[in-house]
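Undergrad: This one is model03.cif, mmCIF, C-alpha atoms.
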data_upload
#
loop_
_atom_site.label_atom_id
_atom_site.label_comp_id
_atom_site.auth_asym_id
_atom_site.auth_seq_id
_atom_site.Cartn_x
_atom_site.Cartn_y
_atom_site.Cartn_z
CA MET R 144 76.15 75.19 119.08
CA ALA R 145 72.90 76.38 120.66
CA ASP R 146 74.96 77.68 123.62
CA ALA R 147 77.43 79.50 121.37
CA LYS R 148 77.88 83.21 121.98
CA LYS R 149 76.07 85.36 119.45
CA LEU R 150 76.81 88.81 118.11
CA LEU R 151 74.66 91.25 116.19
CA LEU R 152 76.51 92.40 113.09
CA LYS R 153 74.90 95.21 111.13
CA ILE R 154 76.20 95.08 107.57
CA GLN R 155 75.68 97.76 104.98
CA ARG R 156 74.05 96.34 101.87
CA TYR R 157 73.79 97.92 98.43
CA ASN R 158 72.77 96.29 95.20
CA PRO R 159 73.32 98.74 92.32
CA GLU R 160 70.72 96.93 90.22
CA LYS R 161 67.95 97.34 92.79
CA ASP R 162 68.78 99.92 95.45
CA ALA R 163 68.81 103.68 95.28
CA ALA R 164 71.01 103.96 98.38
CA PRO R 165 72.82 101.65 100.84
CA TYR R 166 71.07 100.44 104.01
CA LEU R 167 72.02 98.43 107.10
CA VAL R 168 70.87 94.83 107.63
CA PRO R 169 71.30 93.10 111.04
CA TYR R 170 72.71 89.55 111.10
CA GLU R 171 73.17 87.36 114.15
CA ILE R 172 76.39 85.39 114.03
CA PRO R 173 78.00 82.86 116.41
CA LEU R 174 81.43 83.73 117.72
CA ASP R 175 84.23 82.60 119.99
CA ASP R 176 87.45 84.31 121.04
CA ARG R 177 89.10 83.56 117.71
CA THR R 178 86.33 84.79 115.40
CA SER R 179 87.55 87.60 113.18
CA LEU R 180 85.27 90.00 111.37
CA LEU R 181 86.22 88.24 108.14
CA ASP R 182 85.03 84.93 109.67
CA GLY R 183 81.78 86.67 110.60
CA LEU R 184 81.27 88.01 107.07
CA GLN R 185 82.03 84.59 105.63
CA TYR R 186 79.49 83.03 108.05
CA VAL R 187 76.82 85.44 106.79
CA LYS R 188 77.68 84.63 103.16
CA ASP R 189 77.76 80.86 103.73
CA ASN R 190 74.68 80.55 105.96
CA ILE R 191 72.38 83.56 105.70
CA SER R 192 72.88 85.75 102.68
CA PRO R 193 74.88 84.18 99.81
CA ASP R 194 74.66 87.37 97.76
CA LEU R 195 76.74 89.38 100.27
CA SER R 196 79.77 90.84 98.47
CA PHE R 197 83.10 91.59 100.14
CA ARG R 198 86.76 91.28 99.19
CA SER R 199 89.25 89.04 100.96
CA SER R 200 92.18 86.82 100.17
CA CYS R 201 95.06 85.99 102.51
CA ARG R 202 93.27 86.13 105.92
CA MET R 203 96.51 87.25 107.57
CA ALA R 204 96.83 91.02 107.03
CA ILE R 205 99.22 90.67 104.12
CA CYS R 206 97.14 91.17 100.98
CA GLY R 207 95.19 94.25 102.13
CA SER R 208 91.97 93.17 100.39
CA CYS R 209 89.48 93.09 103.27
CA GLY R 210 89.43 96.72 104.41
CA VAL R 211 86.06 97.86 105.79
CA MET R 212 84.72 100.45 108.21
CA LEU R 213 84.09 98.70 111.54
CA ASN R 214 82.06 100.94 113.85
CA GLY R 215 83.23 103.89 111.74
CA GLU R 216 86.92 102.99 111.93
CA PRO R 217 88.88 101.73 108.88
CA ARG R 218 90.13 98.23 109.67
CA LEU R 219 91.19 95.00 108.01
CA ALA R 220 88.38 92.47 108.58
CA CYS R 221 90.88 89.62 109.02
CA LYS R 222 92.81 91.54 111.70
CA SER R 223 89.76 92.58 113.75
CA PHE R 224 88.48 90.18 116.40
CA LEU R 225 84.77 90.29 117.18
CA ARG R 226 85.39 89.44 120.86
CA ASN R 227 86.25 93.14 121.22
CA TYR R 228 82.76 94.19 120.06
CA ALA R 229 80.49 92.58 122.65
CA ASN R 230 77.74 95.14 122.07
CA GLY R 231 77.56 94.42 118.36
CA ALA R 232 79.24 96.07 115.43
CA THR R 233 78.39 97.97 112.28
CA VAL R 234 80.26 97.11 109.09
CA GLU R 235 80.31 99.49 106.14
CA PRO R 236 82.44 99.75 103.01
CA LEU R 237 85.65 101.80 103.22
CA ALA R 238 84.82 105.49 103.50
CA ASN R 239 85.74 108.04 100.79
CA PHE R 240 85.49 105.51 97.93
CA PRO R 241 82.44 104.94 95.69
CA VAL R 242 80.51 101.80 96.70
CA GLU R 243 80.18 99.19 93.95
CA LYS R 244 78.17 96.58 95.87
CA ASP R 245 77.70 95.84 99.59
CA LEU R 246 81.23 96.12 101.09
CA VAL R 247 83.08 96.35 97.78
CA VAL R 248 84.42 99.79 96.82
CA ASP R 249 85.91 101.21 93.63
CA PHE R 250 89.67 101.69 94.15
CA THR R 251 90.27 103.24 90.71
CA ARG R 252 91.34 106.68 91.95
CA PHE R 253 93.85 105.21 94.42
CA LEU R 254 95.29 102.89 91.79
CA GLU R 255 95.61 105.75 89.28
CA CYS R 256 97.57 107.79 91.85
CA LEU R 257 99.75 104.79 92.64
CA GLU R 258 100.48 104.17 88.96
CA ALA R 259 101.29 107.84 88.30
CA LEU R 260 103.90 107.90 91.08
CA LYS R 261 105.76 104.83 89.78
CA PRO R 262 106.27 102.96 93.06
CA TYR R 263 109.09 100.79 91.82
CA ILE R 264 112.82 101.17 91.21
CA THR R 265 113.28 103.16 88.04
CA GLY R 266 116.11 104.82 86.12
CA ASN R 267 118.81 102.52 87.50
CA PRO R 268 121.20 101.80 84.60
CA ARG R 269 122.54 98.55 86.08
CA THR R 270 121.95 95.40 84.05
CA PRO R 271 121.72 91.80 85.38
CA ASP R 272 125.31 91.30 84.19
CA ASP R 273 126.44 93.98 86.67
CA GLY R 274 125.22 91.78 89.53
CA PRO R 275 122.85 92.78 92.35
CA ASN R 276 122.69 96.30 93.75
CA THR R 277 124.37 96.62 97.11
CA GLN R 278 122.69 98.41 99.98
CA THR R 279 123.86 98.97 103.53
CA PRO R 280 121.57 98.38 106.56
CA THR R 281 121.60 102.16 107.15
CA GLN R 282 120.39 102.80 103.61
CA LEU R 283 117.67 100.19 104.11
CA ALA R 284 116.60 101.71 107.43
CA ARG R 285 115.87 105.06 105.73
CA TYR R 286 112.87 103.65 103.84
CA HIS R 287 112.07 100.32 105.50
CA LYS R 288 109.10 101.59 107.54
CA PHE R 289 107.43 103.02 104.44
CA SER R 290 107.95 99.82 102.48
CA LEU R 291 105.55 98.00 104.81
CA CYS R 292 102.51 99.49 103.00
CA ILE R 293 100.21 96.80 101.58
CA ASN R 294 97.92 99.09 99.52
CA CYS R 295 94.88 98.24 101.66
CA GLY R 296 93.44 101.74 101.30
CA LEU R 297 92.59 102.16 105.01
CA CYS R 298 94.57 105.42 105.07
CA TYR R 299 92.43 106.79 102.22
CA ALA R 300 89.29 105.92 104.19
CA ALA R 301 90.80 107.68 107.22
CA CYS R 302 91.87 110.81 105.33
CA PRO R 303 89.27 113.61 105.48
CA GLN R 304 91.22 115.57 102.86
CA PHE R 305 90.81 112.72 100.36
CA GLY R 306 87.11 112.62 101.26
CA LEU R 307 86.74 116.34 100.61
CA ASN R 308 89.04 116.41 97.58
CA PRO R 309 89.27 113.11 95.65
CA SER R 310 91.97 114.66 93.42
CA PHE R 311 94.41 114.43 96.36
CA LEU R 312 97.07 111.81 95.57
CA GLY R 313 96.49 110.41 99.05
CA PRO R 314 98.59 108.88 101.85
CA ALA R 315 99.52 105.41 100.55
CA ALA R 316 100.54 106.48 97.03
CA ILE R 317 102.74 109.28 98.40
CA THR R 318 104.20 107.00 101.10
CA LEU R 319 105.22 104.45 98.49
CA ALA R 320 106.63 107.17 96.21
CA HIS R 321 108.63 108.47 99.19
CA ARG R 322 109.80 104.93 99.95
CA TYR R 323 111.33 104.69 96.46
CA ASN R 324 112.69 108.26 96.59
CA LEU R 325 114.63 107.21 99.71
CA ASP R 326 115.91 104.00 98.14
CA SER R 327 119.60 104.23 97.24
CA ARG R 328 118.99 101.98 94.18
CA ASP R 329 116.36 104.26 92.66
CA ARG R 330 116.91 107.12 90.17
CA GLY R 331 113.29 108.22 89.64
CA LYS R 332 112.95 110.84 92.38
CA LYS R 333 112.96 113.84 90.05
CA GLU R 334 110.05 112.49 88.04
CA ARG R 335 107.98 111.57 91.13
CA VAL R 336 108.65 114.82 92.98
CA ARG R 337 107.24 116.78 90.03
CA ILE R 338 103.84 115.14 90.67
CA MET R 339 104.14 115.02 94.46
CA ASN R 340 104.75 118.76 94.79
CA THR R 341 101.63 119.79 92.89
CA GLU R 342 98.56 121.30 94.56
CA ASN R 343 96.92 117.88 94.92
CA GLY R 344 100.14 116.26 96.06
CA VAL R 345 101.75 116.49 99.49
CA TRP R 346 100.52 120.05 100.09
CA ALA R 347 96.87 118.92 100.17
CA CYS R 348 97.69 117.06 103.41
CA THR R 349 96.90 118.96 106.63
CA PHE R 350 98.47 116.37 108.95
CA VAL R 351 95.29 115.07 110.55
CA GLY R 352 97.40 112.00 111.36
CA TYR R 353 94.53 109.48 111.42
CA CYS R 354 96.08 107.64 108.44
CA SER R 355 99.01 106.56 110.60
CA LYS R 356 96.71 105.50 113.45
CA VAL R 357 94.66 103.15 111.26
CA CYS R 358 97.57 101.74 109.19
CA PRO R 359 97.55 97.97 109.94
CA LYS R 360 101.25 97.67 109.08
CA HIS R 361 102.45 100.80 110.96
CA ALA R 362 103.88 102.29 107.78
CA ASP R 363 103.27 105.80 109.17
CA PRO R 364 102.01 107.58 106.03
CA ALA R 365 101.56 110.88 107.93
CA ALA R 366 105.31 110.97 108.65
CA ALA R 367 106.11 110.18 105.00
CA LEU R 368 103.96 113.10 103.87
CA GLN R 369 105.62 115.50 106.31
CA GLN R 370 109.06 114.38 105.13
CA CYS R 371 107.96 115.00 101.55
CA LYS R 372 106.77 118.50 102.52
CA ALA R 373 110.10 119.28 104.18
CA ALA R 374 112.00 117.97 101.14
CA GLY R 375 109.70 119.94 98.80
CA ALA R 376 110.23 123.16 100.76
CA LEU R 377 114.02 122.68 100.66
CA ASP R 378 113.87 121.98 96.91
CA PHE R 379 111.85 125.16 96.41
CA LEU R 380 114.36 127.18 98.45
CA ALA R 381 117.27 125.69 96.51
CA SER R 382 115.57 126.48 93.18
CA VAL R 383 114.89 130.10 94.24
CA LEU R 384 118.50 130.56 95.38
CA SER R 385 119.95 128.98 92.24
CA ARG R 386 117.64 131.15 90.08
CA LYS R 387 118.87 134.25 91.91
CA LYS R 388 122.46 133.11 91.54
CA ASN R 389 121.97 132.45 87.81
CA ARG R 390 120.26 135.82 87.35
CA GLY R 391 123.14 137.50 89.20
CA ALA R 392 125.63 135.68 86.99
CA ALA R 393 123.68 136.70 83.86
CA CYS R 394 123.64 140.35 84.98
CA GLY R 395 127.35 140.10 85.68
CA ASP R 396 127.92 138.73 82.17
CA LYS R 397 125.99 141.64 80.66
CA ALA R 398 127.95 144.17 82.63
CA MET Y 55 76.20 94.56 77.03
CA ALA Y 56 75.42 97.76 78.89
CA THR Y 57 77.05 98.01 82.29
CA LYS Y 58 74.89 97.62 85.37
CA ARG Y 59 77.42 99.47 87.53
CA LYS Y 60 76.00 102.28 89.60
CA PRO Y 61 78.68 103.26 92.13
CA TYR Y 62 77.19 104.97 95.15
CA VAL Y 63 79.19 108.07 96.14
CA ARG Y 64 79.02 109.18 99.76
CA GLU Y 65 79.65 112.92 99.98
CA SER Y 66 81.67 114.40 102.87
CA GLY Y 67 79.36 116.95 104.42
CA ARG Y 68 80.33 120.12 106.23
CA CYS Y 69 80.19 118.25 109.55
CA TRP Y 70 82.57 115.46 108.46
CA TRP Y 71 84.63 115.92 111.63
CA LYS Y 72 81.85 115.39 114.16
CA GLY Y 73 81.54 111.61 114.03
CA ASN Y 74 85.13 110.62 114.83
CA PRO Y 75 87.11 111.42 118.03
CA CYS Y 76 90.36 111.71 116.05
CA TYR Y 77 88.82 114.31 113.71
CA ARG Y 78 87.33 116.19 116.65
CA PHE Y 79 90.74 116.38 118.31
CA TYR Y 80 92.26 117.54 115.01
CA MET Y 81 89.71 120.37 114.85
CA LEU Y 82 90.50 121.28 118.47
CA ARG Y 83 94.24 121.24 117.67
CA GLU Y 84 93.82 123.47 114.64
CA GLY Y 85 91.23 125.64 116.42
CA SER Y 86 93.71 126.32 119.24
CA SER Y 87 95.62 128.54 116.79
CA VAL Y 88 92.72 131.05 116.84
CA PHE Y 89 93.87 132.18 120.29
CA SER Y 90 97.23 133.20 118.82
CA ILE Y 91 95.32 135.93 116.89
CA TRP Y 92 93.97 137.21 120.20
CA VAL Y 93 97.44 137.21 121.79
CA GLY Y 94 98.86 138.91 118.67
CA LEU Y 95 96.25 141.68 118.88
CA LEU Y 96 96.97 142.12 122.58
CA LEU Y 97 100.71 142.45 121.92
CA LEU Y 98 100.03 144.99 119.16
CA LEU Y 99 97.99 146.98 121.65
CA PHE Y 100 100.94 146.85 124.05
CA LEU Y 101 103.20 148.27 121.32
CA PHE Y 102 100.92 151.16 120.45
CA SER Y 103 99.31 151.91 123.80
CA PRO Y 104 100.98 150.34 126.87
CA ALA Y 105 98.68 152.17 129.33
CA VAL Y 106 95.48 150.81 127.75
CA PHE Y 107 97.12 147.36 127.60
CA SER Y 108 97.96 147.45 131.34
CA ALA Y 109 94.40 148.40 132.20
CA LEU Y 110 92.87 145.85 129.83
CA ILE Y 111 94.76 142.78 131.05
CA LYS Y 112 93.33 143.28 134.56
CA ASN Y 113 89.80 142.81 133.19
CA PRO Y 114 88.40 139.42 134.41
CA LEU Y 115 87.13 138.57 130.93
CA VAL Y 116 90.57 139.23 129.43
CA ARG Y 117 92.16 137.12 132.17
CA LEU Y 118 89.79 134.30 131.26
CA LEU Y 119 90.66 134.68 127.58
CA ASN Y 120 94.38 134.72 128.36
CA SER Y 121 94.05 131.59 130.51
CA ALA Y 122 92.26 129.88 127.60
CA ALA Y 123 95.01 131.12 125.26
CA LEU Y 124 97.66 129.61 127.57
CA LEU Y 125 95.87 126.25 127.59
CA ALA Y 126 95.46 126.39 123.80
CA ALA Y 127 99.18 127.22 123.41
CA LEU Y 128 100.11 124.27 125.64
CA LEU Y 129 97.90 121.92 123.63
CA HIS Y 130 99.32 123.24 120.38
CA THR Y 131 102.89 122.91 121.66
CA LYS Y 132 102.29 119.34 122.83
CA THR Y 133 100.77 118.25 119.52
CA TRP Y 134 103.38 120.19 117.53
CA TYR Y 135 106.26 118.54 119.37
CA GLU Y 136 104.70 115.14 118.81
CA LEU Y 137 104.03 115.70 115.10
CA ALA Y 138 106.66 118.05 113.67
CA PRO Y 139 109.78 115.94 114.45
CA ARG Y 140 108.28 113.18 112.30
CA ALA Y 141 109.17 115.37 109.32
CA LEU Y 142 112.74 114.22 110.05
CA ASN Y 143 113.48 110.69 109.01
CA LEU Y 144 114.85 109.60 112.40
CA PRO Y 145 114.60 106.27 114.25
CA GLU Y 146 111.88 106.12 116.96
CA GLU Y 147 114.37 106.22 119.86
CA LYS Y 148 116.05 109.36 118.50
CA LEU Y 149 112.63 110.98 117.95
CA ALA Y 150 111.77 110.41 121.63
CA VAL Y 151 115.05 112.08 122.68
CA LEU Y 152 114.36 115.01 120.33
CA VAL Y 153 110.85 115.55 121.75
CA LYS Y 154 112.24 115.46 125.32
CA GLY Y 155 114.90 117.99 124.27
CA LEU Y 156 112.27 120.30 122.80
CA TRP Y 157 110.23 120.17 126.02
CA THR Y 158 113.33 120.82 128.14
CA ALA Y 159 114.21 123.85 126.00
CA THR Y 160 110.62 125.15 126.18
CA ILE Y 161 110.41 124.82 129.96
CA ALA Y 162 113.85 126.38 130.44
CA PHE Y 163 113.06 129.29 128.10
CA SER Y 164 109.62 129.86 129.72
CA ALA Y 165 111.18 129.83 133.22
CA LEU Y 166 113.84 132.34 132.12
CA ALA Y 167 111.24 134.60 130.49
CA LEU Y 168 109.09 134.46 133.64
CA LEU Y 169 112.09 135.21 135.84
CA PHE Y 170 113.11 138.11 133.60
CA SER Y 171 109.58 139.59 133.58
CA LEU Y 172 109.22 139.35 137.38
CA THR Y 173 112.53 141.01 138.21
#
Could I get this structure in the form of structure tokens?
TA:
Amino acid sequence: MADAKKLLLKIQRYNPEKDAAPYLVPYEIPLDDRTSLLDGLQYVKDNISPDLSFRSSCRMAICGSCGVMLNGEPRLACKSFLRNYANGATVEPLANFPVEKDLVVDFTRFLECLEALKPYITGNPRTPDDGPNTQTPTQLARYHKFSLCINCGLCYAACPQFGLNPSFLGPAAITLAHRYNLDSRDRGKKERVRIMNTENGVWACTFVGYCSKVCPKHADPAAALQQCKAAGALDFLASVLSRKKNRGAACGDKA
Amino acid sequence: MATKRKPYVRESGRCWWKGNPCYRFYMLREGSSVFSIWVGLLLLLFLFSPAVFSALIKNPLVRLLNSAALLAALLHTKTWYELAPRALNLPEEKLAVLVKGLWTATIAFSALALLFSLT
């Protein structure tokens, strides 16, 4: 063990009961080719600093709990291997969220947005007696990519617009709303679009594109947002045209 | 029991884009549109005073600005063609074909415009 490779991991610490602001603490950890950042954090907690707080669960990039900033880049700790950071690494809590303690952030805003957009099948009148909904592979392909989102929040940490304007609904919530809007079994599009097309909805996105680069599941939130913008613009055009048509019809009636 | 929560909020400063290469490239991409104002002004000048325009574009400083505008336009076109088609919900392989088609059309149109202006 004495010959084991070592790595310097600087971890941001913050104890709300004692500290006025977060600060970095260096920890030396042993590693081999298979050591993930999550393993490194767990080593620090088990052997050096038991009061270190971080979230984790599945260890296999499914649950989306262990998002952190690794050298300034949003990443899942379980999916990041420390062999790629030979010169050491700095670990901070996910950017753009308030820090509760050490690497734990407050996800409330993201969860509120997610809840508001109802990311589940809604409005479908079928009952269990009617049997399962049928869906063709083509219908599935329309939304499949967007359904890969695991709510890890990395895209929120990558989004400068969310950092500048926390009222922005954000990439993951809109991606999941879009995923259900595209689902042939869903009937809730009208309700979601009303929220998505507000000032803090899709139009607050300026297509920086970093959200798609950091997404650990390749759900491509930037593309989802652009598709929502295109759909919103077409809806607006259709509503203007139908208003004109109705006004024309009303004038015609008067005449 | 009173809460001991004291969430620490990190503000995004004015220089939020400086620390990340992806943000810096985004600023460069968006900043490249500034040159379109320059080209627009130059074209307006051509409309209202072709003689002054002809004299002005021979100025070395204007040539430098126009070269920078061409590079900015190329960068903007490249990023636009990579990003905009994603607004269509197409499979990856079809997206690649679409981007190639857009480039082919751009090169063909530019070659035709150049040919037309030289003859």
Undergrad: Which residues, written as a list in words, have at least one atom at most 10 Å from region 87-104 of chain Y, with all atoms listed in the file counted and residues fewer than 4 positions away on the same chain left out?
TA: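 In the requested format, the answer is Leu82, Arg83, Ser108, Ala109, Leu110, Ile111, Val116, Leu119, Asn120, Ala122, Ala123, Leu124, Leu125, Ala126, Ala127, Leu129 and His130 of chain Y.
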Undergrad: Output the contact residues of chain R with respect to chain Y at a cut-off of 9 Å, based on only C-alpha atoms, as an MDAnalysis selection string.
TA: chainID R and resid 157:160 163:165 215:216 238:244 248:249 284:286 303 306:307 350:353 365:373
Undergrad: Translate the PyMOL selection byres ((chain R and resi 173) around 10) into a concrete residue list for this structure, as a PyMOL selection string.
TA: chain R and resi 144-151+171-172+174-175+178+182-183+186
Undergrad: Show me, as a list of chain:residue names, the residues that have an atom within 7 Å of region 268-283 of chain R when counting only C-alpha atoms, minus same-chain residues fewer than 4 positions from it.
TA: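 Counting only the stated atoms, we get R:His287, R:Ser327, R:Arg328.
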Undergrad: Include C-alpha atoms and write out the residues we just selected as a PDB file, in the frame of the given file.
TA:
ATOM      1  CA  HIS R 287     112.070 100.320 105.500  1.00  0.00           C
ATOM      2  CA  SER R 327     119.600 104.230  97.240  1.00  0.00           C
ATOM      3  CA  ARG R 328     118.990 101.980  94.180  1.00  0.00           C
TER       4      ARG R 328
END
Undergrad: Y:Ser86, Y:Leu128, Y:Phe107, Y:Arg78: which is nearest Ser164 (chain Y), counting all atoms listed in the file?
TA: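 Of Y:Ser86, Y:Leu128, Y:Phe107, Y:Arg78, the one nearest Ser164 (chain Y) is Y:Leu128, counting all atoms listed in the file.
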Undergrad: What residues come out when you apply the PyMOL selection byres ((chain R and resi 331-344) around 10) to this file, written as a PyMOL selection string?
TA: chain R and resi 256+259-267+305+308-314+316-317+320-321+323-326+328-330+345-348+368+371-372+374-376+378-379
Undergrad: Between CA of Val168 (chain R) and CA of Arg226 (chain R), what is the distance in Å, rounded to a tenth?
TA: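 One can read the CA of Val168 (chain R) to CA of Arg226 (chain R) distance as 20.4 Å.
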Undergrad: Dump C-alpha atoms of region 101-136 of chain Y from the given block, as a CSV table (one decimal), in the first residue's frame.
TA:
chain,number,residue,atom,x,y,z
Y,101,LEU,CA,-26.3,51.9,-51.8
Y,102,PHE,CA,-26.1,55.6,-51.1
Y,103,SER,CA,-22.7,56.5,-52.4
Y,104,PRO,CA,-21.0,53.9,-54.6
Y,105,ALA,CA,-18.0,56.1,-55.4
Y,106,VAL,CA,-17.1,56.6,-51.7
Y,107,PHE,CA,-17.6,52.8,-51.2
Y,108,SER,CA,-15.2,52.0,-54.0
Y,109,ALA,CA,-12.6,54.2,-52.6
Y,110,LEU,CA,-13.1,53.1,-49.0
Y,111,ILE,CA,-12.8,49.3,-49.6
Y,112,LYS,CA,-9.2,49.8,-51.0
Y,113,ASN,CA,-8.1,51.2,-47.6
Y,114,PRO,CA,-5.8,48.7,-45.9
Y,115,LEU,CA,-7.6,49.0,-42.6
Y,116,VAL,CA,-10.9,48.3,-44.3
Y,117,ARG,CA,-9.4,45.3,-46.1
Y,118,LEU,CA,-8.2,44.0,-42.7
Y,119,LEU,CA,-11.7,44.6,-41.2
Y,120,ASN,CA,-13.3,42.8,-44.2
Y,121,SER,CA,-10.9,39.9,-43.9
Y,122,ALA,CA,-11.9,39.6,-40.2
Y,123,ALA,CA,-15.5,39.9,-41.1
Y,124,LEU,CA,-15.1,37.0,-43.6
Y,125,LEU,CA,-13.4,34.8,-40.9
Y,126,ALA,CA,-16.2,35.7,-38.5
Y,127,ALA,CA,-18.9,34.9,-41.1
Y,128,LEU,CA,-17.2,31.5,-41.7
Y,129,LEU,CA,-17.1,30.7,-38.0
Y,130,HIS,CA,-20.7,31.8,-37.6
Y,131,THR,CA,-21.7,29.7,-40.6
Y,132,LYS,CA,-19.9,26.6,-39.3
Y,133,THR,CA,-21.4,26.9,-35.8
Y,134,TRP,CA,-24.8,27.7,-37.2
Y,135,TYR,CA,-24.9,24.7,-39.5
Y,136,GLU,CA,-23.8,22.5,-36.6
